[in-house]
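What follows is the content of structure.cif (mmCIF, C-alpha atoms).
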```
data_target
loop_
_atom_site.label_atom_id
_atom_site.label_comp_id
_atom_site.auth_asym_id
_atom_site.auth_seq_id
_atom_site.Cartn_x
_atom_site.Cartn_y
_atom_site.Cartn_z
CA MET A 1 -84.33 -66.00 -154.21
CA ALA A 2 -80.73 -66.98 -154.70
CA GLY A 3 -79.89 -63.45 -155.80
CA ARG A 4 -81.60 -61.91 -152.77
CA LYS A 5 -79.76 -64.23 -150.35
CA GLU A 6 -76.48 -63.42 -152.04
CA ARG A 7 -77.10 -59.68 -151.59
CA GLN A 8 -77.97 -60.23 -147.90
CA ARG A 9 -74.77 -62.21 -147.33
CA LYS A 10 -72.83 -59.46 -149.10
CA LEU A 11 -74.44 -56.79 -146.91
CA GLU A 12 -73.70 -58.80 -143.78
CA ARG A 13 -70.03 -59.18 -144.82
CA GLU A 14 -69.80 -55.45 -145.41
CA ARG A 15 -71.38 -54.70 -142.03
CA TYR A 16 -68.95 -57.18 -140.43
CA LEU A 17 -65.96 -55.59 -142.15
CA ARG A 18 -67.10 -52.12 -141.08
CA ARG A 19 -67.49 -53.31 -137.46
CA GLU A 20 -64.03 -54.91 -137.57
CA ALA A 21 -62.57 -51.75 -139.04
CA ARG A 22 -64.13 -49.64 -136.27
CA ARG A 23 -62.93 -52.11 -133.64
CA ALA A 24 -59.41 -52.02 -135.05
CA GLN A 25 -59.49 -48.23 -135.09
CA ARG A 26 -60.61 -48.12 -131.45
CA SER A 27 -57.86 -50.56 -130.53
CA ARG A 28 -55.25 -48.40 -132.23
CA ARG A 29 -56.55 -45.31 -130.44
CA THR A 30 -56.53 -47.14 -127.12
CA ARG A 31 -52.94 -48.26 -127.66
CA GLN A 32 -51.92 -44.73 -128.64
CA TRP A 33 -53.56 -43.23 -125.53
CA THR A 34 -51.98 -45.93 -123.36
CA ILE A 35 -48.55 -45.25 -124.80
CA THR A 36 -49.02 -41.47 -124.35
CA ILE A 37 -50.20 -41.86 -120.75
CA LEU A 38 -47.36 -44.25 -119.88
CA ALA A 39 -44.85 -41.87 -121.45
CA ALA A 40 -46.27 -38.96 -119.45
CA VAL A 41 -46.16 -40.99 -116.24
CA ALA A 42 -42.58 -41.94 -116.97
CA VAL A 43 -41.61 -38.30 -117.53
CA ILE A 44 -43.32 -37.26 -114.28
CA ALA A 45 -41.66 -40.10 -112.41
CA VAL A 46 -38.25 -39.12 -113.76
CA GLY A 47 -38.91 -35.49 -112.82
CA LEU A 48 -40.02 -36.39 -109.31
CA GLY A 49 -37.03 -38.66 -108.94
CA SER A 50 -34.73 -35.86 -110.01
CA VAL A 51 -36.33 -33.42 -107.57
CA LEU A 52 -36.09 -35.95 -104.77
CA PHE A 53 -32.47 -36.66 -105.58
CA PHE A 54 -31.66 -32.95 -105.71
CA SER A 55 -33.38 -32.36 -102.40
CA LEU A 56 -31.56 -35.20 -100.74
CA SER A 57 -28.24 -34.21 -102.22
CA LYS A 58 -28.72 -30.68 -100.87
CA LYS A 59 -29.72 -31.77 -97.38
CA PRO A 60 -27.48 -29.96 -94.87
CA THR A 61 -25.07 -32.14 -92.95
CA ALA A 62 -25.69 -30.34 -89.67
CA ALA A 63 -28.03 -27.70 -88.31
CA ALA A 64 -26.39 -24.61 -86.91
CA SER A 65 -29.06 -24.25 -84.29
CA PRO A 66 -32.37 -25.85 -83.41
CA SER A 67 -35.11 -23.97 -85.21
CA THR A 68 -34.41 -20.43 -84.02
CA PRO A 69 -32.00 -18.14 -85.82
CA ALA A 70 -31.37 -17.85 -89.44
CA ALA A 71 -30.70 -14.17 -89.57
CA THR A 72 -32.80 -11.68 -87.77
CA PRO A 73 -36.03 -11.21 -89.53
CA SER A 74 -33.76 -10.13 -92.39
CA PRO A 75 -30.86 -12.31 -93.45
CA SER A 76 -28.17 -9.79 -92.85
CA ALA A 77 -26.76 -10.81 -89.52
CA THR A 78 -27.72 -13.39 -86.98
CA PRO A 79 -26.49 -16.45 -85.13
CA GLY A 80 -27.86 -19.64 -86.60
CA ALA A 81 -27.97 -18.43 -90.14
CA SER A 82 -25.23 -20.62 -91.58
CA ALA A 83 -23.64 -24.02 -91.23
CA SER A 84 -20.25 -24.31 -89.59
CA ALA A 85 -17.49 -22.59 -91.52
CA THR A 86 -13.92 -23.72 -91.78
CA ALA A 87 -11.60 -21.58 -89.69
CA PRO A 88 -9.51 -19.34 -91.95
CA ALA A 89 -5.79 -20.04 -92.09
CA VAL A 90 -4.71 -16.87 -90.28
CA THR A 91 -1.94 -16.75 -87.73
CA GLU A 92 -3.14 -14.91 -84.67
CA PRO A 93 -2.58 -12.33 -83.48
CA ALA A 94 -3.00 -10.92 -86.99
CA ARG A 95 -0.57 -8.28 -88.21
CA HIS A 96 -2.76 -7.13 -91.09
CA CYS A 97 -6.54 -6.81 -91.48
CA ALA A 98 -8.63 -6.43 -94.61
CA TYR A 99 -11.97 -4.62 -94.50
CA THR A 100 -14.01 -4.65 -97.70
CA PRO A 101 -16.63 -1.98 -98.43
CA SER A 102 -20.10 -3.52 -98.69
CA THR A 103 -23.70 -2.36 -98.34
CA PRO A 104 -24.47 1.24 -97.32
CA ALA A 105 -23.59 1.97 -93.72
CA ALA A 106 -26.27 2.38 -91.08
CA ARG A 107 -24.02 5.13 -89.73
CA GLN A 108 -21.15 6.66 -91.61
CA VAL A 109 -17.79 5.51 -90.30
CA SER A 110 -14.34 5.13 -91.79
CA LEU A 111 -12.72 1.76 -92.38
CA PRO A 112 -10.74 0.41 -89.41
CA PRO A 113 -6.95 0.65 -89.69
CA ALA A 114 -5.39 -2.19 -91.68
CA SER A 115 -2.58 -2.51 -89.15
CA PRO A 116 -4.06 -3.47 -85.77
CA ASP A 117 -2.42 -3.03 -82.41
CA TYR A 118 -2.07 -6.78 -82.03
CA LYS A 119 -0.10 -6.57 -78.79
CA ALA A 120 -2.72 -4.52 -76.93
CA THR A 121 -4.98 -5.70 -74.14
CA TYR A 122 -8.48 -4.27 -74.36
CA THR A 123 -11.41 -4.10 -71.97
CA ALA A 124 -14.75 -2.91 -73.31
CA THR A 125 -17.55 -1.49 -71.19
CA ILE A 126 -20.99 -1.48 -72.77
CA HIS A 127 -22.96 1.19 -70.95
CA THR A 128 -26.67 0.34 -71.15
CA ASN A 129 -29.87 1.70 -69.67
CA ARG A 130 -29.89 -1.40 -67.43
CA GLY A 131 -26.30 -1.23 -66.22
CA ASN A 132 -22.76 -1.78 -67.41
CA ILE A 133 -21.53 -4.93 -69.12
CA ILE A 134 -17.75 -5.31 -68.96
CA ILE A 135 -15.97 -7.51 -71.48
CA SER A 136 -12.40 -8.72 -71.86
CA LEU A 137 -11.68 -8.62 -75.60
CA LEU A 138 -9.73 -11.52 -77.12
CA ASN A 139 -7.27 -9.44 -79.12
CA SER A 140 -4.67 -12.19 -79.39
CA LYS A 141 -7.20 -14.65 -80.88
CA ALA A 142 -9.48 -12.44 -83.00
CA THR A 143 -7.31 -9.43 -83.71
CA CYS A 144 -9.13 -8.02 -86.74
CA THR A 145 -12.53 -8.45 -85.10
CA VAL A 146 -11.38 -6.65 -81.96
CA ASN A 147 -9.72 -3.99 -84.12
CA SER A 148 -13.06 -3.31 -85.83
CA PHE A 149 -15.04 -3.30 -82.57
CA VAL A 150 -12.60 -0.87 -80.93
CA HIS A 151 -12.70 1.37 -84.00
CA LEU A 152 -16.52 1.46 -84.10
CA ALA A 153 -16.68 2.22 -80.39
CA ALA A 154 -14.24 5.12 -80.84
CA GLN A 155 -16.40 6.52 -83.65
CA LYS A 156 -19.49 6.31 -81.40
CA TYR A 157 -21.14 3.92 -83.83
CA PHE A 158 -22.87 1.97 -81.05
CA ASN A 159 -24.10 5.03 -79.12
CA ASN A 160 -27.86 5.13 -78.47
CA THR A 161 -28.62 1.89 -80.27
CA THR A 162 -30.98 -0.86 -79.16
CA CYS A 163 -30.28 -4.55 -78.76
CA HIS A 164 -32.84 -5.67 -81.30
CA ARG A 165 -33.04 -9.41 -80.72
CA LEU A 166 -33.38 -11.82 -77.83
CA THR A 167 -33.63 -15.59 -78.23
CA THR A 168 -34.86 -17.76 -75.38
CA ALA A 169 -35.38 -21.12 -77.12
CA GLY A 170 -32.76 -23.31 -78.78
CA ILE A 171 -30.03 -20.71 -78.40
CA PHE A 172 -29.74 -18.05 -75.72
CA VAL A 173 -28.34 -14.76 -76.91
CA LEU A 174 -28.94 -11.02 -76.88
CA GLN A 175 -28.02 -9.44 -80.21
CA CYS A 176 -26.94 -5.83 -80.63
CA GLY A 177 -24.82 -3.59 -82.85
CA ASP A 178 -27.31 -2.40 -85.49
CA PRO A 179 -28.13 1.32 -85.35
CA THR A 180 -31.29 0.72 -87.40
CA GLY A 181 -32.64 -1.73 -84.81
CA THR A 182 -33.88 -4.00 -87.61
CA GLY A 183 -31.13 -6.59 -87.81
CA SER A 184 -30.15 -5.50 -91.30
CA GLY A 185 -27.81 -2.58 -90.55
CA GLY A 186 -24.04 -2.64 -90.73
CA PRO A 187 -20.99 -0.35 -90.84
CA GLY A 188 -20.59 -0.33 -94.62
CA TYR A 189 -17.79 -2.90 -94.66
CA LYS A 190 -17.26 -6.58 -93.98
CA PHE A 191 -14.36 -8.74 -92.89
CA ASP A 192 -13.34 -12.36 -92.45
CA ASP A 193 -14.07 -14.78 -89.63
CA GLU A 194 -11.49 -15.55 -86.96
CA ASN A 195 -11.00 -17.84 -83.99
CA LEU A 196 -13.46 -20.50 -85.19
CA GLN A 197 -11.39 -23.59 -84.56
CA GLY A 198 -13.16 -25.44 -81.75
CA ALA A 199 -15.43 -22.45 -81.05
CA ARG A 200 -18.12 -23.09 -78.43
CA TYR A 201 -20.70 -20.54 -77.35
CA THR A 202 -20.55 -20.84 -73.60
CA THR A 203 -22.16 -18.59 -71.03
CA GLY A 204 -20.62 -15.11 -71.12
CA MET A 205 -19.23 -15.33 -74.65
CA LEU A 206 -19.23 -12.31 -76.98
CA ALA A 207 -19.32 -13.25 -80.68
CA MET A 208 -19.97 -11.72 -84.08
CA ALA A 209 -23.30 -12.20 -85.82
CA ASN A 210 -23.22 -12.72 -89.57
CA SER A 211 -25.16 -13.83 -92.63
CA GLY A 212 -22.64 -16.43 -93.75
CA PRO A 213 -18.91 -17.07 -93.80
CA ASN A 214 -16.75 -13.93 -93.81
CA THR A 215 -19.62 -11.42 -93.68
CA ASN A 216 -18.86 -9.80 -90.33
CA GLY A 217 -19.85 -6.18 -89.83
CA SER A 218 -20.98 -4.50 -86.61
CA GLN A 219 -23.60 -6.83 -85.15
CA PHE A 220 -22.63 -9.01 -82.21
CA PHE A 221 -24.34 -11.23 -79.67
CA LEU A 222 -23.89 -11.87 -75.97
CA VAL A 223 -24.42 -15.46 -74.83
CA TYR A 224 -26.23 -15.55 -71.48
CA LYS A 225 -26.54 -19.36 -71.44
CA TYR A 226 -24.68 -22.08 -73.33
CA SER A 227 -25.94 -22.18 -76.92
CA PRO A 228 -25.38 -25.16 -79.26
CA LEU A 229 -24.36 -23.16 -82.33
CA GLY A 230 -22.02 -24.39 -85.03
CA ALA A 231 -18.54 -22.85 -85.07
CA SER A 232 -19.51 -20.10 -87.52
CA TYR A 233 -19.44 -16.95 -85.39
CA THR A 234 -16.19 -15.32 -84.37
CA PRO A 235 -15.78 -15.35 -80.55
CA PHE A 236 -13.94 -12.17 -79.58
CA GLY A 237 -14.61 -11.50 -75.91
CA THR A 238 -15.82 -12.81 -72.57
CA ILE A 239 -18.11 -11.04 -70.12
CA THR A 240 -16.39 -10.37 -66.81
CA SER A 241 -19.18 -8.32 -65.22
CA GLY A 242 -22.83 -7.64 -65.95
CA LEU A 243 -23.92 -11.08 -67.16
CA ASN A 244 -26.76 -10.92 -64.63
CA ILE A 245 -28.15 -7.88 -66.49
CA ILE A 246 -28.62 -9.89 -69.68
CA GLN A 247 -29.99 -12.89 -67.79
CA LYS A 248 -32.58 -10.69 -66.10
CA VAL A 249 -33.64 -9.32 -69.49
CA ALA A 250 -33.85 -12.88 -70.81
CA ARG A 251 -36.13 -13.95 -67.95
CA ALA A 252 -38.58 -11.23 -68.98
CA GLY A 253 -38.68 -12.82 -72.43
CA SER A 254 -39.15 -11.53 -75.96
CA ASP A 255 -42.18 -10.37 -77.90
CA ASN A 256 -41.86 -13.45 -80.16
CA SER A 257 -41.96 -11.24 -83.26
CA GLY A 258 -39.47 -13.58 -84.94
CA GLY A 259 -41.13 -16.78 -83.73
CA THR A 260 -41.59 -18.48 -80.38
CA GLY A 261 -38.73 -17.46 -78.12
CA ASP A 262 -37.27 -15.08 -80.70
CA GLY A 263 -37.93 -11.36 -80.99
CA HIS A 264 -37.37 -7.97 -79.43
CA PRO A 265 -36.63 -8.13 -75.71
CA ILE A 266 -39.64 -7.11 -73.66
CA GLN A 267 -37.28 -5.23 -71.37
CA LYS A 268 -35.73 -2.84 -73.86
CA VAL A 269 -31.93 -2.69 -73.83
CA VAL A 270 -30.33 0.52 -75.09
CA ILE A 271 -26.58 0.86 -75.54
CA ILE A 272 -25.77 4.38 -74.37
CA SER A 273 -22.10 4.08 -75.36
CA VAL A 274 -19.18 1.67 -75.56
CA THR A 275 -15.88 2.67 -74.01
CA ILE A 276 -12.56 0.91 -74.47
CA LYS A 277 -9.85 0.68 -71.85
CA LYS A 278 -6.33 -0.07 -72.98
CA PRO A 279 -3.95 -0.50 -70.04
#
```

Hey, can you dump this file as structure tokens for me?
Amino acid sequence: MAGRKERQRKLERERYLRREARRAQRSRRTRQWTITILAAVAVIAVGLGSVLFFSLSKKPTAAASPSTPAATPSPSATPGASASATAPAVTEPARHCAYTPSTPAARQVSLPPASPDYKATYTATIHTNRGNIIISLLNSKATCTVNSFVHLAAQKYFNNTTCHRLTTAGIFVLQCGDPTGTGSGGPGYKFDDENLQGARYTTGMLAMANSGPNTNGSQFFLVYKYSPLGASYTPFGTITSGLNIIQKVARAGSDNSGGTGDGHPIQKVVIISVTIKKP
């Protein structure tokens, strides 16, 4: 009897030890899983924190325009695409202009002359299918921009082109100057911004469209109503006659192909030619 009881107690101790060993093993596994999970959570938290910090650190300080433009369907040239740029340190009227070859030209033209006629007074007439728009060019304040515009007009670059974009919400402009009619065409060169210090886009202003600082080409926009854009688009002329033509087109609206209040004008505007008068 004593031997049998001793064997039973021994078996019970062994069963107890095995249970304790299994319990200890489960505890170790639980701790390991807990540590692994906590480590993974910590890594994810650090990653999310880094992403959040990066996003906040990259948050723009000011919007160029409320919701509308960021470059015409393509990013090549449009008001609203970039934050305000610092006005270049150029004494106007400029005596020398630099034009840098860039993407293939929508129409083949030569580079404008590097030495502009900075003393000239220019008046541009944009002949359209809806009437003439007459503009006094600001040669003394944006000499290189005017020099390019006059050169392109003389080479018939603008002839028989459409004004491809009209915005009627947030900013109020009619954009032209791209022979492809897509918003991505240019003259095959680019040049620097001018006349940005204190620039405001008031009714009747003519300004360059762009895809960022110092990326001017051939595209321009006509402001038919004050537009709260950042000072990033070279103003180079003021409309003296024909503003009512653009305003009438604006009242007809756009096809909203670029978003609400942004697209091709419903009343198509075709530039037949641009002539320059130099008294």

Problem set entry | Reference answer for the PyMOL selection byres ((chain A and resi 164) around 6), as a PyMOL selection string | chain A and resi 162-163+165+176+181+264

Report as an mmCIF file with C-alpha atoms, keeping the file's coordinate frame all protein, DNA and RNA residues lying within 7 Å of Ile245 of chain A, evaluated on all atoms listed in the file, omitting residues in the same chain fewer than 3 positions from it.
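Everything below was put into selection-v8.cif:
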```
data_model
loop_
_atom_site.group_PDB
_atom_site.id
_atom_site.type_symbol
_atom_site.label_atom_id
_atom_site.label_comp_id
_atom_site.auth_asym_id
_atom_site.auth_seq_id
_atom_site.Cartn_x
_atom_site.Cartn_y
_atom_site.Cartn_z
ATOM 1 C CA ARG A 130 -29.890 -1.400 -67.430
ATOM 2 C CA GLY A 131 -26.300 -1.230 -66.220
ATOM 3 C CA GLY A 242 -22.830 -7.640 -65.950
ATOM 4 C CA LYS A 248 -32.580 -10.690 -66.100
ATOM 5 C CA VAL A 249 -33.640 -9.320 -69.490
#
```

For this session: To verify the selection step, state as an NGL selection string which residues the PyMOL selection byres ((chain A and resi 247) around 10) yields on this input.
Result: :A and (172-174 or 223-225 or 242-246 or 248-253)

Could you save those same residues with C-alpha atoms as an mmCIF file, keeping the file's coordinate frame?
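Writing done, so here's result13.cif:
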```cif
data_model
loop_
_atom_site.group_PDB
_atom_site.id
_atom_site.type_symbol
_atom_site.label_atom_id
_atom_site.label_comp_id
_atom_site.auth_asym_id
_atom_site.auth_seq_id
_atom_site.Cartn_x
_atom_site.Cartn_y
_atom_site.Cartn_z
ATOM 1 C CA PHE A 172 -29.740 -18.050 -75.720
ATOM 2 C CA VAL A 173 -28.340 -14.760 -76.910
ATOM 3 C CA LEU A 174 -28.940 -11.020 -76.880
ATOM 4 C CA VAL A 223 -24.420 -15.460 -74.830
ATOM 5 C CA TYR A 224 -26.230 -15.550 -71.480
ATOM 6 C CA LYS A 225 -26.540 -19.360 -71.440
ATOM 7 C CA GLY A 242 -22.830 -7.640 -65.950
ATOM 8 C CA LEU A 243 -23.920 -11.080 -67.160
ATOM 9 C CA ASN A 244 -26.760 -10.920 -64.630
ATOM 10 C CA ILE A 245 -28.150 -7.880 -66.490
ATOM 11 C CA ILE A 246 -28.620 -9.890 -69.680
ATOM 12 C CA LYS A 248 -32.580 -10.690 -66.100
ATOM 13 C CA VAL A 249 -33.640 -9.320 -69.490
ATOM 14 C CA ALA A 250 -33.850 -12.880 -70.810
ATOM 15 C CA ARG A 251 -36.130 -13.950 -67.950
ATOM 16 C CA ALA A 252 -38.580 -11.230 -68.980
ATOM 17 C CA GLY A 253 -38.680 -12.820 -72.430
#
```

For this session: Tell me which of A:Thr240, A:Thr100, A:Ala231, A:Pro112 sits closest to Thr215 of chain A, counting only C-alpha atoms.
Result: A:Thr100

For this session: May I ask for the distance between atom CA of Thr103 of chain A and atom CA of Pro116 of chain A, given in Å to one decimal place?
Result: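 Atom-to-atom, atom CA of Thr103 of chain A to atom CA of Pro116 of chain A, that is 23.3 Å.
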
For this session: Measure the distance from atom CA of Ile271 of chain A to atom CA of Ser227 of chain A in Å and round it to one decimal.
Result: 23.1 Å

Seminar exercise, completed: Counting only C-alpha atoms, closest pick from A:Asn139, A:Leu166, A:Thr161, A:Phe149 relative to Pro265 of chain A is A:Leu166

Problem set entry | Answer as a VMD selection string, residues within 9 Å of (-22.3, 1.4, -72.6) using all atoms listed in the file | chain A and resid 124 to 129 131 to 134 158 to 160 270 to 275

Exercise. Which of these, A:Gln267, A:Ser110, A:Thr260, A:Thr203, has the shortest distance to Ser148 of chain A once you count all atoms listed in the file?
Worked result: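 Of the candidates, the smallest distance to Ser148 of chain A is held by A:Ser110.
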
For this session: Select, from A:Ser136, A:Ser102, A:Thr91, A:Asn256, the residue with the minimum atom-to-atom distance to Gly185 of chain A, counting all atoms listed in the file.
Result: A:Ser102

For this session: For each of A:Asn195, A:Asp255, A:Thr202, A:Ile266, take the minimum atom-to-atom distance to Ser232 of chain A, counting only C-alpha atoms, then give the residue where this is smallest.
Result: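 Between A:Asn195, A:Asp255, A:Thr202, A:Ile266, the residue approaching Ser232 of chain A most closely is A:Asn195.
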